[in-house]
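To be precise, the following lines are input_36.txt, and they hold compact mmCIF, C-alpha atoms and all ligand atoms.
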# COMPACT_ATOMS: atom_id res chain seq x y z
CA MET A 1 0.00 0.00 0.00
CA SER A 2 1.39 3.45 -0.88
CA GLN A 3 2.38 5.80 1.92
CA PRO A 4 -0.53 8.21 2.65
CA ARG A 5 0.47 11.79 1.85
CA THR A 6 -2.44 14.04 2.70
CA ILE A 7 -4.21 13.07 5.89
CA LEU A 8 -7.57 14.54 6.91
CA VAL A 9 -7.79 14.68 10.73
CA THR A 10 -11.29 15.22 12.12
CA GLY A 11 -11.29 16.68 15.61
CA GLY A 12 -7.69 17.75 15.00
CA ALA A 13 -7.88 20.57 17.57
CA GLY A 14 -8.73 18.15 20.37
CA PHE A 15 -6.36 16.58 22.89
CA ILE A 16 -5.39 13.41 21.01
CA GLY A 17 -6.09 14.94 17.60
CA SER A 18 -3.68 17.85 18.07
CA HIS A 19 -0.87 15.60 19.29
CA THR A 20 -1.46 13.27 16.34
CA CYS A 21 -1.28 16.26 13.95
CA VAL A 22 2.16 17.11 15.38
CA GLU A 23 3.25 13.49 14.95
CA LEU A 24 2.06 13.39 11.32
CA LEU A 25 3.50 16.80 10.37
CA SER A 26 6.83 15.92 12.01
CA HIS A 27 7.03 12.80 9.85
CA GLY A 28 6.43 14.57 6.53
CA HIS A 29 2.70 14.07 6.03
CA ASP A 30 0.46 16.93 4.87
CA VAL A 31 -2.41 17.50 7.28
CA VAL A 32 -5.86 19.02 6.80
CA VAL A 33 -7.97 19.52 9.94
CA VAL A 34 -11.72 19.81 10.41
CA ASP A 35 -13.08 20.60 13.88
CA ASN A 36 -16.32 22.19 15.15
CA HIS A 37 -14.58 23.38 18.36
CA GLN A 38 -17.37 21.93 20.47
CA ASN A 39 -14.66 20.74 22.87
CA SER A 40 -11.55 22.56 21.61
CA VAL A 41 -10.29 26.02 20.59
CA PRO A 42 -8.49 27.23 17.41
CA GLU A 43 -5.41 28.15 19.48
CA ALA A 44 -4.64 24.41 19.66
CA LEU A 45 -3.93 24.44 15.91
CA HIS A 46 -1.56 27.39 16.23
CA ARG A 47 0.27 25.39 18.92
CA VAL A 48 0.38 22.35 16.59
CA GLU A 49 2.19 24.38 13.93
CA LYS A 50 4.54 25.97 16.47
CA VAL A 51 5.52 22.60 17.98
CA ALA A 52 5.78 20.79 14.63
CA GLY A 53 7.64 23.67 12.97
CA ARG A 54 5.44 23.18 9.91
CA SER A 55 2.07 24.55 8.75
CA LEU A 56 -1.13 22.63 8.38
CA THR A 57 -2.23 22.58 4.73
CA ALA A 58 -5.60 23.96 5.87
CA SER A 59 -8.12 23.82 8.68
CA TYR A 60 -11.88 24.26 8.62
CA VAL A 61 -14.45 24.95 11.33
CA LEU A 62 -17.19 22.47 10.55
CA ASP A 63 -19.18 19.62 12.02
CA VAL A 64 -18.47 16.28 10.32
CA ARG A 65 -22.23 15.66 10.24
CA ASP A 66 -22.46 18.51 7.68
CA ARG A 67 -21.92 16.29 4.63
CA ASP A 68 -21.88 19.12 2.09
CA ALA A 69 -19.25 21.11 4.00
CA LEU A 70 -17.18 17.97 4.56
CA SER A 71 -17.49 17.02 0.88
CA GLY A 72 -16.12 20.47 0.01
CA VAL A 73 -12.95 19.64 1.94
CA PHE A 74 -12.48 16.38 0.06
CA ALA A 75 -13.07 18.22 -3.22
CA THR A 76 -10.41 20.81 -2.32
CA HIS A 77 -7.63 18.53 -1.04
CA PRO A 78 -6.18 15.22 -2.35
CA VAL A 79 -7.06 13.29 0.80
CA ASP A 80 -5.33 9.87 0.93
CA ALA A 81 -6.52 8.79 4.39
CA VAL A 82 -8.63 9.98 7.31
CA VAL A 83 -8.02 9.86 11.07
CA HIS A 84 -11.38 10.30 12.78
CA PHE A 85 -11.24 11.77 16.30
CA ALA A 86 -14.23 14.13 16.17
CA GLY A 87 -16.66 13.10 18.88
CA ARG A 88 -17.66 13.39 22.50
CA LYS A 89 -15.60 11.35 24.96
CA ALA A 90 -16.56 11.73 28.62
CA VAL A 91 -18.11 8.71 30.31
CA GLY A 92 -19.88 10.72 33.00
CA GLU A 93 -21.27 13.26 30.53
CA SER A 94 -22.54 10.51 28.21
CA VAL A 95 -24.80 9.18 30.99
CA ARG A 96 -26.34 12.67 31.25
CA MET A 97 -26.63 13.29 27.46
CA PRO A 98 -27.01 9.95 25.61
CA VAL A 99 -28.75 11.31 22.51
CA GLU A 100 -25.98 13.88 21.89
CA TYR A 101 -23.38 11.09 22.21
CA TYR A 102 -25.08 8.83 19.67
CA ASP A 103 -25.81 11.71 17.31
CA THR A 104 -22.25 13.07 17.43
CA ASN A 105 -20.24 9.85 17.61
CA VAL A 106 -22.35 7.52 15.46
CA GLY A 107 -23.93 10.17 13.20
CA GLY A 108 -20.54 11.77 12.64
CA THR A 109 -18.99 8.45 11.64
CA THR A 110 -21.73 7.49 9.17
CA ALA A 111 -21.60 10.95 7.59
CA LEU A 112 -17.83 10.68 7.22
CA LEU A 113 -18.05 7.20 5.68
CA GLU A 114 -20.61 8.37 3.13
CA VAL A 115 -18.48 11.34 2.09
CA MET A 116 -15.30 9.26 1.97
CA SER A 117 -17.01 6.79 -0.36
CA ARG A 118 -18.30 9.64 -2.52
CA HIS A 119 -14.68 10.80 -3.01
CA GLY A 120 -13.06 7.39 -3.38
CA VAL A 121 -11.15 7.58 -0.07
CA HIS A 122 -10.98 4.15 1.56
CA ARG A 123 -8.39 4.39 4.32
CA LEU A 124 -9.52 5.22 7.86
CA VAL A 125 -8.04 5.17 11.36
CA PHE A 126 -10.88 5.33 13.87
CA SER A 127 -10.63 6.58 17.45
CA SER A 128 -12.21 3.81 19.49
CA SER A 129 -12.00 3.15 23.20
CA CYS A 130 -11.23 0.51 25.82
CA SER A 131 -14.55 1.45 27.38
CA VAL A 132 -16.23 -0.93 24.87
CA TYR A 133 -15.02 -3.81 27.12
CA GLY A 134 -17.22 -2.66 30.02
CA VAL A 135 -16.99 -4.58 33.31
CA ALA A 136 -14.57 -7.39 32.46
CA GLU A 137 -13.72 -10.29 34.79
CA ARG A 138 -10.17 -10.91 33.65
CA MET A 139 -7.33 -8.41 33.07
CA PRO A 140 -5.49 -7.58 30.90
CA LEU A 141 -7.96 -7.33 28.02
CA ASN A 142 -7.21 -8.38 24.44
CA GLU A 143 -9.05 -7.63 21.23
CA ASN A 144 -10.83 -11.00 21.28
CA ASP A 145 -12.42 -10.35 24.65
CA PRO A 146 -16.14 -9.67 24.33
CA ALA A 147 -17.38 -6.11 24.18
CA ALA A 148 -19.92 -5.29 26.88
CA PRO A 149 -20.22 -1.50 26.97
CA VAL A 150 -22.05 -0.12 30.02
CA ASN A 151 -22.49 3.57 29.22
CA PRO A 152 -23.68 5.59 26.21
CA TYR A 153 -20.16 6.77 25.32
CA ALA A 154 -18.85 3.21 25.19
CA ARG A 155 -21.95 1.96 23.36
CA SER A 156 -21.53 4.72 20.75
CA LYS A 157 -17.95 3.58 20.09
CA TRP A 158 -18.99 -0.08 19.95
CA THR A 159 -21.77 0.82 17.50
CA CYS A 160 -19.26 2.62 15.28
CA GLU A 161 -17.00 -0.45 15.31
CA GLN A 162 -19.93 -2.60 14.14
CA ILE A 163 -20.71 -0.14 11.35
CA LEU A 164 -17.06 -0.12 10.25
CA ALA A 165 -16.94 -3.93 10.24
CA ASP A 166 -20.07 -4.03 8.06
CA VAL A 167 -18.58 -1.46 5.67
CA CYS A 168 -15.37 -3.49 5.35
CA ALA A 169 -17.38 -6.65 4.72
CA HIS A 170 -19.44 -4.91 2.04
CA ARG A 171 -16.68 -2.75 0.49
CA PRO A 172 -13.44 -4.80 0.22
CA GLU A 173 -11.48 -1.72 -0.87
CA PHE A 174 -11.68 -0.23 2.64
CA THR A 175 -8.81 -0.50 5.16
CA VAL A 176 -9.91 0.45 8.67
CA HIS A 177 -7.89 0.47 11.90
CA ALA A 178 -10.13 0.85 14.97
CA LEU A 179 -7.72 1.75 17.78
CA ARG A 180 -9.10 1.03 21.25
CA TYR A 181 -7.07 3.34 23.43
CA PHE A 182 -7.09 3.04 27.14
CA ASN A 183 -6.52 6.28 29.08
CA PRO A 184 -4.50 8.82 27.08
CA VAL A 185 -2.84 11.38 29.38
CA GLY A 186 0.21 13.65 29.49
CA ALA A 187 1.31 16.31 27.00
CA HIS A 188 3.88 17.05 24.32
CA PRO A 189 7.31 17.39 26.03
CA SER A 190 7.69 20.98 24.73
CA GLY A 191 5.10 22.20 27.26
CA ASN A 192 3.29 24.01 24.43
CA LEU A 193 0.66 21.38 23.65
CA GLY A 194 -1.49 19.45 26.10
CA GLU A 195 -4.92 18.65 27.43
CA ASP A 196 -7.09 21.77 27.54
CA PRO A 197 -10.54 20.68 28.79
CA CYS A 198 -13.45 23.11 28.43
CA GLY A 199 -14.85 24.00 31.86
CA VAL A 200 -14.61 21.49 34.71
CA PRO A 201 -12.44 18.53 33.60
CA ASP A 202 -14.41 15.26 33.34
CA ASN A 203 -11.20 13.22 33.25
CA VAL A 204 -9.03 12.62 36.28
CA MET A 205 -5.59 13.67 34.96
CA PRO A 206 -6.43 17.27 33.95
CA TYR A 207 -8.38 17.62 37.20
CA ILE A 208 -5.36 16.49 39.23
CA ALA A 209 -3.17 18.92 37.25
CA GLN A 210 -5.44 21.85 38.15
CA VAL A 211 -5.46 20.82 41.84
CA ALA A 212 -1.63 20.59 41.83
CA ALA A 213 -1.55 24.08 40.29
CA GLY A 214 -3.80 25.38 43.08
CA LEU A 215 -6.64 26.18 40.67
CA ARG A 216 -9.02 23.70 42.36
CA GLU A 217 -9.20 22.69 46.02
CA HIS A 218 -9.08 18.90 45.87
CA VAL A 219 -9.64 15.85 43.72
CA THR A 220 -12.82 13.88 44.43
CA VAL A 221 -11.99 10.18 44.21
CA PHE A 222 -15.07 8.50 42.71
CA GLY A 223 -15.46 5.61 45.14
CA ASP A 224 -13.13 3.72 47.48
CA ASP A 225 -15.20 0.54 47.48
CA TRP A 226 -14.13 -0.93 44.14
CA PRO A 227 -12.82 -4.55 43.96
CA THR A 228 -9.23 -3.36 43.42
CA PRO A 229 -6.07 -3.51 45.61
CA ASP A 230 -6.51 -0.05 47.16
CA ARG A 231 -10.27 0.07 46.47
CA THR A 232 -10.06 2.93 43.94
CA GLY A 233 -10.57 2.71 40.17
CA VAL A 234 -7.76 1.17 38.12
CA ARG A 235 -6.96 2.31 34.57
CA ASP A 236 -4.24 1.79 31.98
CA TYR A 237 -2.76 5.25 31.40
CA ILE A 238 -0.87 5.73 28.13
CA HIS A 239 1.13 8.79 27.08
CA VAL A 240 -0.70 10.83 24.46
CA MET A 241 2.46 10.90 22.31
CA ASP A 242 2.50 7.08 22.32
CA VAL A 243 -1.13 7.17 21.19
CA ALA A 244 -0.24 9.69 18.46
CA GLU A 245 2.62 7.44 17.32
CA GLY A 246 0.22 4.49 17.13
CA HIS A 247 -2.02 6.44 14.74
CA ARG A 248 0.91 7.34 12.50
CA ILE A 249 2.09 3.73 12.42
CA ALA A 250 -1.43 2.52 11.55
CA LEU A 251 -1.28 4.81 8.51
CA GLU A 252 2.30 4.06 7.46
CA ARG A 253 2.66 0.32 7.97
CA PRO A 254 1.43 -1.85 5.09
CA ALA A 255 -1.88 -3.51 6.02
CA PRO A 256 -4.31 -5.76 4.15
CA THR A 257 -7.70 -4.26 3.38
CA GLY A 258 -10.47 -4.95 5.88
CA MET A 259 -11.09 -4.19 9.55
CA HIS A 260 -8.24 -4.21 12.09
CA LEU A 261 -8.95 -3.88 15.83
CA LEU A 262 -6.00 -2.97 18.05
CA ASN A 263 -5.63 -2.02 21.73
CA LEU A 264 -3.38 0.93 22.54
CA GLY A 265 -2.39 0.66 26.20
CA SER A 266 0.68 0.34 28.41
CA GLY A 267 -0.40 -2.92 30.05
CA GLN A 268 0.15 -1.31 33.45
CA GLY A 269 -2.84 -0.75 35.81
CA THR A 270 -2.73 2.37 38.00
CA SER A 271 -5.30 3.27 40.68
CA VAL A 272 -6.61 6.77 41.26
CA LEU A 273 -4.66 7.02 44.54
CA GLN A 274 -1.48 5.81 42.81
CA LEU A 275 -1.99 8.42 40.07
CA ILE A 276 -2.42 11.16 42.66
CA GLU A 277 0.82 10.06 44.36
CA ALA A 278 2.67 9.93 41.03
CA TYR A 279 1.51 13.44 40.19
CA HIS A 280 2.61 14.71 43.59
CA ARG A 281 6.07 13.24 42.95
CA ALA A 282 6.28 14.70 39.43
CA SER A 283 5.07 18.18 40.39
CA GLY A 284 6.43 18.45 43.93
CA ARG A 285 3.02 19.90 44.80
CA PRO A 286 0.44 18.55 47.27
CA VAL A 287 -2.60 16.98 45.59
CA PRO A 288 -5.32 16.96 48.26
CA TYR A 289 -8.24 14.59 47.67
CA ARG A 290 -11.53 13.49 49.21
CA ILE A 291 -13.42 10.26 48.75
CA GLY A 292 -16.79 10.69 47.04
CA PRO A 293 -19.48 8.39 45.65
CA ARG A 294 -18.96 6.25 42.56
CA ARG A 295 -19.62 7.99 39.20
CA PRO A 296 -22.52 6.50 37.16
CA GLY A 297 -21.19 4.45 34.22
CA ASP A 298 -17.78 3.76 35.80
CA VAL A 299 -16.18 0.30 35.85
CA PRO A 300 -13.66 -1.01 38.43
CA GLU A 301 -10.68 -1.77 36.17
CA LEU A 302 -9.50 -1.51 32.55
CA VAL A 303 -5.98 -2.70 31.63
CA ALA A 304 -4.76 -3.47 28.11
CA ASP A 305 -3.06 -6.49 26.65
CA GLY A 306 -1.10 -4.60 23.98
CA SER A 307 0.58 -7.66 22.47
CA ALA A 308 -1.42 -7.53 19.22
CA ALA A 309 -0.05 -4.07 18.31
CA GLU A 310 3.43 -5.26 19.26
CA ALA A 311 3.09 -8.36 17.07
CA VAL A 312 1.61 -6.54 14.06
CA TRP A 313 3.70 -3.38 14.19
CA ASN A 314 6.74 -4.40 16.30
CA TRP A 315 5.75 -1.39 18.44
CA ARG A 316 4.78 -0.75 22.01
CA PRO A 317 4.37 2.39 24.15
CA THR A 318 7.68 3.64 25.59
CA ARG A 319 6.76 6.51 27.96
CA ASP A 320 6.10 5.56 31.63
CA LEU A 321 3.71 7.03 34.22
CA ALA A 322 6.35 9.36 35.66
CA ARG A 323 6.92 10.82 32.16
CA MET A 324 3.15 11.22 31.67
CA CYS A 325 2.88 13.21 34.91
CA GLN A 326 6.04 15.26 34.24
CA ASP A 327 4.91 16.23 30.73
CA SER A 328 1.39 17.02 31.98
CA TRP A 329 2.80 19.19 34.78
CA ARG A 330 5.13 21.10 32.41
CA PHE A 331 2.14 21.97 30.19
CA GLN A 332 0.07 22.98 33.23
CA LEU A 333 2.87 25.25 34.50
CA HIS A 334 3.35 26.92 31.10
CA ASN A 335 -0.42 27.20 30.51
CA PRO A 336 -2.18 27.76 33.85
CA ARG A 337 -5.47 28.35 32.04
CA GLY A 338 -4.87 26.02 29.15
CA TYR A 339 -5.30 27.75 25.79
CA ARG A 340 -7.84 30.19 27.25
CA PRO A 341 -6.20 33.35 28.64
CA GLN A 342 -9.39 34.34 30.49
CA SER A 343 -9.87 33.13 34.04
CA LEU A 344 -10.61 29.49 34.68
CA SER A 345 -14.34 29.09 34.43
CA ASP A 346 -16.58 26.33 35.73
CA ARG A 347 -19.23 27.42 33.26
CA ALA A 348 -19.60 25.48 30.07
CA VAL A 349 -17.86 27.31 27.26
CA ARG A 350 -19.88 29.18 24.62
CA GLU A 351 -21.32 26.73 22.14
CA PRO A 352 -19.90 27.49 18.66
CA ASP A 353 -22.52 28.92 16.30
CA ALA A 354 -23.59 25.74 14.54
CA THR A 355 -25.15 27.73 11.69
CA ALA A 356 -21.92 29.56 10.88
CA PRO A 357 -20.55 28.61 7.45
CA PRO A 358 -17.28 26.67 7.51
CA GLN A 359 -14.46 29.11 8.08
CA HIS A 360 -11.08 28.77 6.53
CA HIS A 361 -8.39 29.44 9.11
CA ARG A 362 -5.70 29.55 6.55
CA ALA A 363 -4.89 30.23 2.95
CA ALA A 364 -6.13 27.20 1.04
CA PHE A 365 -2.69 26.07 0.02
CA ARG A 366 0.77 26.66 1.34
CA SER A 367 3.93 25.34 -0.12
CA ASN A 368 5.20 22.58 2.10
CA ALA A 369 8.72 23.33 1.07
C1 LIG A 401 -10.33 7.53 35.28
C2 LIG A 401 -10.51 7.04 36.71
C3 LIG A 401 -12.72 7.44 37.57
C4 LIG A 401 -12.37 11.83 37.57
C5 LIG A 401 -11.53 7.90 29.74
C6 LIG A 401 -12.15 8.72 28.67
C7 LIG A 401 -12.63 7.90 27.54
C8 LIG A 401 -11.72 6.75 27.20
C9 LIG A 401 -11.25 5.99 28.41
C10 LIG A 401 -10.46 7.19 25.20
C11 LIG A 401 -11.85 6.35 36.93
C12 LIG A 401 -11.67 8.24 38.35
C13 LIG A 401 -12.18 10.47 37.42
C14 LIG A 401 -12.38 12.39 38.88
C15 LIG A 401 -11.99 10.20 39.80
N1 LIG A 401 -10.57 7.22 26.53
N2 LIG A 401 -11.97 9.68 38.52
N3 LIG A 401 -12.19 11.55 39.95
O1 LIG A 401 -13.64 7.25 32.70
O2 LIG A 401 -11.61 5.79 32.39
O3 LIG A 401 -12.51 7.22 30.49
O4 LIG A 401 -10.64 6.97 29.25
O5 LIG A 401 -11.29 6.96 24.42
O6 LIG A 401 -12.68 8.76 26.43
O7 LIG A 401 -13.24 9.40 29.24
O8 LIG A 401 -11.32 8.25 32.46
O9 LIG A 401 -10.18 10.05 33.65
O10 LIG A 401 -12.72 10.05 33.61
O11 LIG A 401 -11.49 8.33 34.96
O12 LIG A 401 -11.81 9.46 40.79
O13 LIG A 401 -12.57 13.62 39.08
O14 LIG A 401 -10.49 8.16 37.57
O15 LIG A 401 -13.69 6.90 38.45
O16 LIG A 401 -11.65 5.31 37.88
P1 LIG A 401 -12.33 7.05 32.08
P2 LIG A 401 -11.44 9.28 33.66
Would you mind writing the file out in structure tokens?
Ligand code: WQD
Amino acid sequence: MSQPRTILVTGGAGFIGSHTCVELLSHGHDVVVVDNHQNSVPEALHRVEKVAGRSLTASYVLDVRDRDALSGVFATHPVDAVVHFAGRKAVGESVRMPVEYYDTNVGGTTALLEVMSRHGVHRLVFSSSCSVYGVAERMPLNENDPAAPVNPYARSKWTCEQILADVCAHRPEFTVHALRYFNPVGAHPSGNLGEDPCGVPDNVMPYIAQVAAGLREHVTVFGDDWPTPDRTGVRDYIHVMDVAEGHRIALERPAPTGMHLLNLGSGQGTSVLQLIEAYHRASGRPVPYRIGPRRPGDVPELVADGSAAEAVWNWRPTRDLARMCQDSWRFQLHNPRGYRPQSLSDRAVREPDATAPPQHHRAAFRSNA
């Protein structure tokens, strides 16, 4: 299979999307981004170019469910492959807003697939999630373990995987990698790119970072009655740059057509209390916490068996938990309020005007010389 050259990254201004854009640009790919900034800000793309030392070919403010606007992007750029991040990703939030999760995550994926087919683009890397495994008896989890999602976010990802499998069965020209990442955390080592949640962080790592920085009083540990060694939730944290590398390798390594499911995880389980301690060590700051009730939709433990990715790609994550916390802390120190210079706000951020026509952040073409 030829090396992809122009990669369309949906959700490219998001946490994992922006780090993947840096990884792709740094390895010579041309990158076009579409993002509706529902959970990101345009500043992230300026940071991408600063860190990568190269420009994006173009970026557009649009919702992937807007098929006409998305088709315009494919008509303007010679897209060879797509990495699809655009979506909602917080377990707790999905329990509160299931319809939005299915509409965004599933509706966005079917719209993308239809437009890709219309333009003869048949190569896709899909952002899936370990949460499709649900409450599993045995750890670590491999790709043959049954999916048993227990919250709307996880069910939306599982539904997308089923759709992609059906498309690959029906359209043999498609090559799809569905990457089930465990818990991506950390930041680019430069300190200029990281996780910039809108409002109150749903995920534990950015919340801990803001407590260590003195921006929030304490971490609330969601339950200390889980069936785990220290009774708090166990997850498999993986450095976001390892996740970004996995996406690049999925695009670059030769692969047969069809559907490929791969876990991206470190294989190491870390409890909430262990993560708090690791962050304290990395930052040198106290990280006060209180025990609270379990969060609806949570599961006790999720740890990856990453041997399939190692066997197929001869690759495994290389950055350890200390590095994840150090890189996260460096970004937090350099960017106390993330990419938003205004004061930290607990309010939800302004919803982007969904009726606004797609904006072009940049001149349509730039020489990549
Ligand atoms: C981790 C642990 C919580 C917040 C995430 C993403 C999802 C997917 C999988 C990629 C759990 C506990 C949390 C807090 C806490 N990633 N916690 N206090 O739920 O595992 O899912 O990774 O697709 O997109 O949402 O991550 O960081 O929310 O929770 O005690 O304030 O921390 O109970 O045990 P989760 P998380």
Give me the residues near region 92-94 of chain A as a PDB file with C-alpha atoms, in the frame of the given file, where near means some atom within 8 Å (using only C-alpha atoms) and where sequence neighbours in that chain fewer than 3 positions away do not count.
ATOM      1  CA  LYS A  89     -15.600  11.350  24.960  1.00  0.00           C
ATOM      2  CA  MET A  97     -26.630  13.290  27.460  1.00  0.00           C
ATOM      3  CA  PRO A  98     -27.010   9.950  25.610  1.00  0.00           C
ATOM      4  CA  GLU A 100     -25.980  13.880  21.890  1.00  0.00           C
ATOM      5  CA  TYR A 101     -23.380  11.090  22.210  1.00  0.00           C
ATOM      6  CA  ASN A 151     -22.490   3.570  29.220  1.00  0.00           C
ATOM      7  CA  PRO A 152     -23.680   5.590  26.210  1.00  0.00           C
ATOM      8  CA  TYR A 153     -20.160   6.770  25.320  1.00  0.00           C
ATOM      9  CA  ASP A 202     -14.410  15.260  33.340  1.00  0.00           C
ATOM     10  CA  ARG A 295     -19.620   7.990  39.200  1.00  0.00           C
ATOM     11  CA  PRO A 296     -22.520   6.500  37.160  1.00  0.00           C
ATOM     12  CA  GLY A 297     -21.190   4.450  34.220  1.00  0.00           C
ATOM     13  CA  ASP A 298     -17.780   3.760  35.800  1.00  0.00           C
TER      14      ASP A 298
END
Find the residues near ligand LIG 401 (chain A). Use a cut-off of 8 Å, count all atoms listed in the file, and write them as a PDB file with C-alpha atoms, keeping the file's coordinate frame.
ATOM      1  CA  ARG A  88     -17.660  13.390  22.500  1.00  0.00           C
ATOM      2  CA  LYS A  89     -15.600  11.350  24.960  1.00  0.00           C
ATOM      3  CA  ALA A  90     -16.560  11.730  28.620  1.00  0.00           C
ATOM      4  CA  VAL A  91     -18.110   8.710  30.310  1.00  0.00           C
ATOM      5  CA  GLY A  92     -19.880  10.720  33.000  1.00  0.00           C
ATOM      6  CA  SER A 127     -10.630   6.580  17.450  1.00  0.00           C
ATOM      7  CA  SER A 128     -12.210   3.810  19.490  1.00  0.00           C
ATOM      8  CA  SER A 129     -12.000   3.150  23.200  1.00  0.00           C
ATOM      9  CA  CYS A 130     -11.230   0.510  25.820  1.00  0.00           C
ATOM     10  CA  SER A 131     -14.550   1.450  27.380  1.00  0.00           C
ATOM     11  CA  TYR A 153     -20.160   6.770  25.320  1.00  0.00           C
ATOM     12  CA  ARG A 180      -9.100   1.030  21.250  1.00  0.00           C
ATOM     13  CA  TYR A 181      -7.070   3.340  23.430  1.00  0.00           C
ATOM     14  CA  PHE A 182      -7.090   3.040  27.140  1.00  0.00           C
ATOM     15  CA  ASN A 183      -6.520   6.280  29.080  1.00  0.00           C
ATOM     16  CA  PRO A 184      -4.500   8.820  27.080  1.00  0.00           C
ATOM     17  CA  PRO A 201     -12.440  18.530  33.600  1.00  0.00           C
ATOM     18  CA  ASP A 202     -14.410  15.260  33.340  1.00  0.00           C
ATOM     19  CA  ASN A 203     -11.200  13.220  33.250  1.00  0.00           C
ATOM     20  CA  VAL A 204      -9.030  12.620  36.280  1.00  0.00           C
ATOM     21  CA  MET A 205      -5.590  13.670  34.960  1.00  0.00           C
ATOM     22  CA  TYR A 207      -8.380  17.620  37.200  1.00  0.00           C
ATOM     23  CA  ILE A 208      -5.360  16.490  39.230  1.00  0.00           C
ATOM     24  CA  VAL A 219      -9.640  15.850  43.720  1.00  0.00           C
ATOM     25  CA  THR A 220     -12.820  13.880  44.430  1.00  0.00           C
ATOM     26  CA  VAL A 221     -11.990  10.180  44.210  1.00  0.00           C
ATOM     27  CA  PHE A 222     -15.070   8.500  42.710  1.00  0.00           C
ATOM     28  CA  GLY A 223     -15.460   5.610  45.140  1.00  0.00           C
ATOM     29  CA  THR A 232     -10.060   2.930  43.940  1.00  0.00           C
ATOM     30  CA  GLY A 233     -10.570   2.710  40.170  1.00  0.00           C
ATOM     31  CA  VAL A 234      -7.760   1.170  38.120  1.00  0.00           C
ATOM     32  CA  ARG A 235      -6.960   2.310  34.570  1.00  0.00           C
ATOM     33  CA  SER A 271      -5.300   3.270  40.680  1.00  0.00           C
ATOM     34  CA  VAL A 272      -6.610   6.770  41.260  1.00  0.00           C
ATOM     35  CA  ARG A 294     -18.960   6.250  42.560  1.00  0.00           C
ATOM     36  CA  ARG A 295     -19.620   7.990  39.200  1.00  0.00           C
ATOM     37  CA  ASP A 298     -17.780   3.760  35.800  1.00  0.00           C
ATOM     38  CA  VAL A 299     -16.180   0.300  35.850  1.00  0.00           C
ATOM     39  CA  PRO A 300     -13.660  -1.010  38.430  1.00  0.00           C
ATOM     40  CA  GLU A 301     -10.680  -1.770  36.170  1.00  0.00           C
ATOM     41  CA  LEU A 302      -9.500  -1.510  32.550  1.00  0.00           C
TER      42      LEU A 302
END
- prompt: If you count all atoms listed in the file, which residues fall within 7 Å of Trp329 (chain A), apart from same-chain ones fewer than 4 positions away, as a VMD selection string?
  reply: chain A and resid 209 283 325 333
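From CA of Ile276 (chain A) back to CA of Ala147 (chain A), the distance works out to 29.4 Å.
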message: Would you compute the distance between CA of Ala212 (chain A) and CA of Pro288 (chain A)? Give it in Å to one decimal.
response: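 Spanning CA of Ala212 (chain A) to CA of Pro288 (chain A) is a straight-line distance of 8.3 Å.
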Region 132-143 of chain A surroundings by all atoms listed in the file, 8 Å radius, close-in-sequence under 3 positions cut, as a list in words: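 My list of contacting residues is Ser129, Pro146, Ala147, Ala148, Pro149, Val150, Ala154, Arg155, Lys157, Trp158, Leu261, Leu262, Asn263, Gly267, Val299, Pro300, Glu301, Leu302, Val303, Ala304, Asp305, Gly306 and Ala308 of chain A.
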message: Report as a PyMOL selection string all protein, DNA and RNA residues lying within 12 Å of Met259 (chain A), evaluated on all atoms listed in the file, omitting residues in the same chain fewer than 3 positions from it.
response: chain A and resi 122-126+161-179+250+255-256+262
query: With distances taken over all atoms listed in the file, which of A:Arg248, A:Val211, A:Val64, A:His84 is nearest to Leu25 (chain A)?
result: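 Distance minimum relative to Leu25 (chain A) lands on A:Arg248.
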Shell around Gly53 (chain A) at 10 Å using all atoms listed in the file, local window under 6 positions removed, as a CSV table (one decimal) with C-alpha atoms, keeping the file's coordinate frame:
chain,number,residue,atom,x,y,z
A,22,VAL,CA,2.2,17.1,15.4
A,25,LEU,CA,3.5,16.8,10.4
A,26,SER,CA,6.8,15.9,12.0
A,47,ARG,CA,0.3,25.4,18.9
field: Counting all atoms listed in the file, the residue of A:Gly246, A:Gly265, A:Gly199, A:Gly120 that sits nearest Val185 (chain A)
entry: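 Closest to Val185 (chain A) of all the choices is A:Gly265.
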Enclose region 245-250 of chain A, meaning all of its atoms listed in the file, in a box aligned along x, y and z, pad it by 4 Å on each side, and list the centre and edge lengths in Å to one decimal, as JSON.
{"center_x": 0.3, "center_y": 5.0, "center_z": 14.4, "size_x": 12.6, "size_y": 12.9, "size_z": 13.8}
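Considering all atoms listed in the file, the residue among A:His239, A:His188, A:His77, A:His19 positioned nearest to Thr318 (chain A) is A:His239.
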Counting all atoms listed in the file, the option among A:Asn105, A:Asn335, A:Asn192, A:Gln268 closest to Ala213 (chain A): A:Asn335
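CA of Leu24 (chain A) is positioned 21.0 Å from CA of Ser328 (chain A).
Nearest to Lys50 (chain A) of all the residues A:Val32, A:Leu70, A:Leu193, A:Leu62 is A:Leu193, based on all atoms listed in the file.
Each of A:Arg67, A:Arg54, A:Arg290, A:His334 was checked against Cys21 (chain A) using only C-alpha atoms; the smallest atom-to-atom distance is that of A:Arg54.
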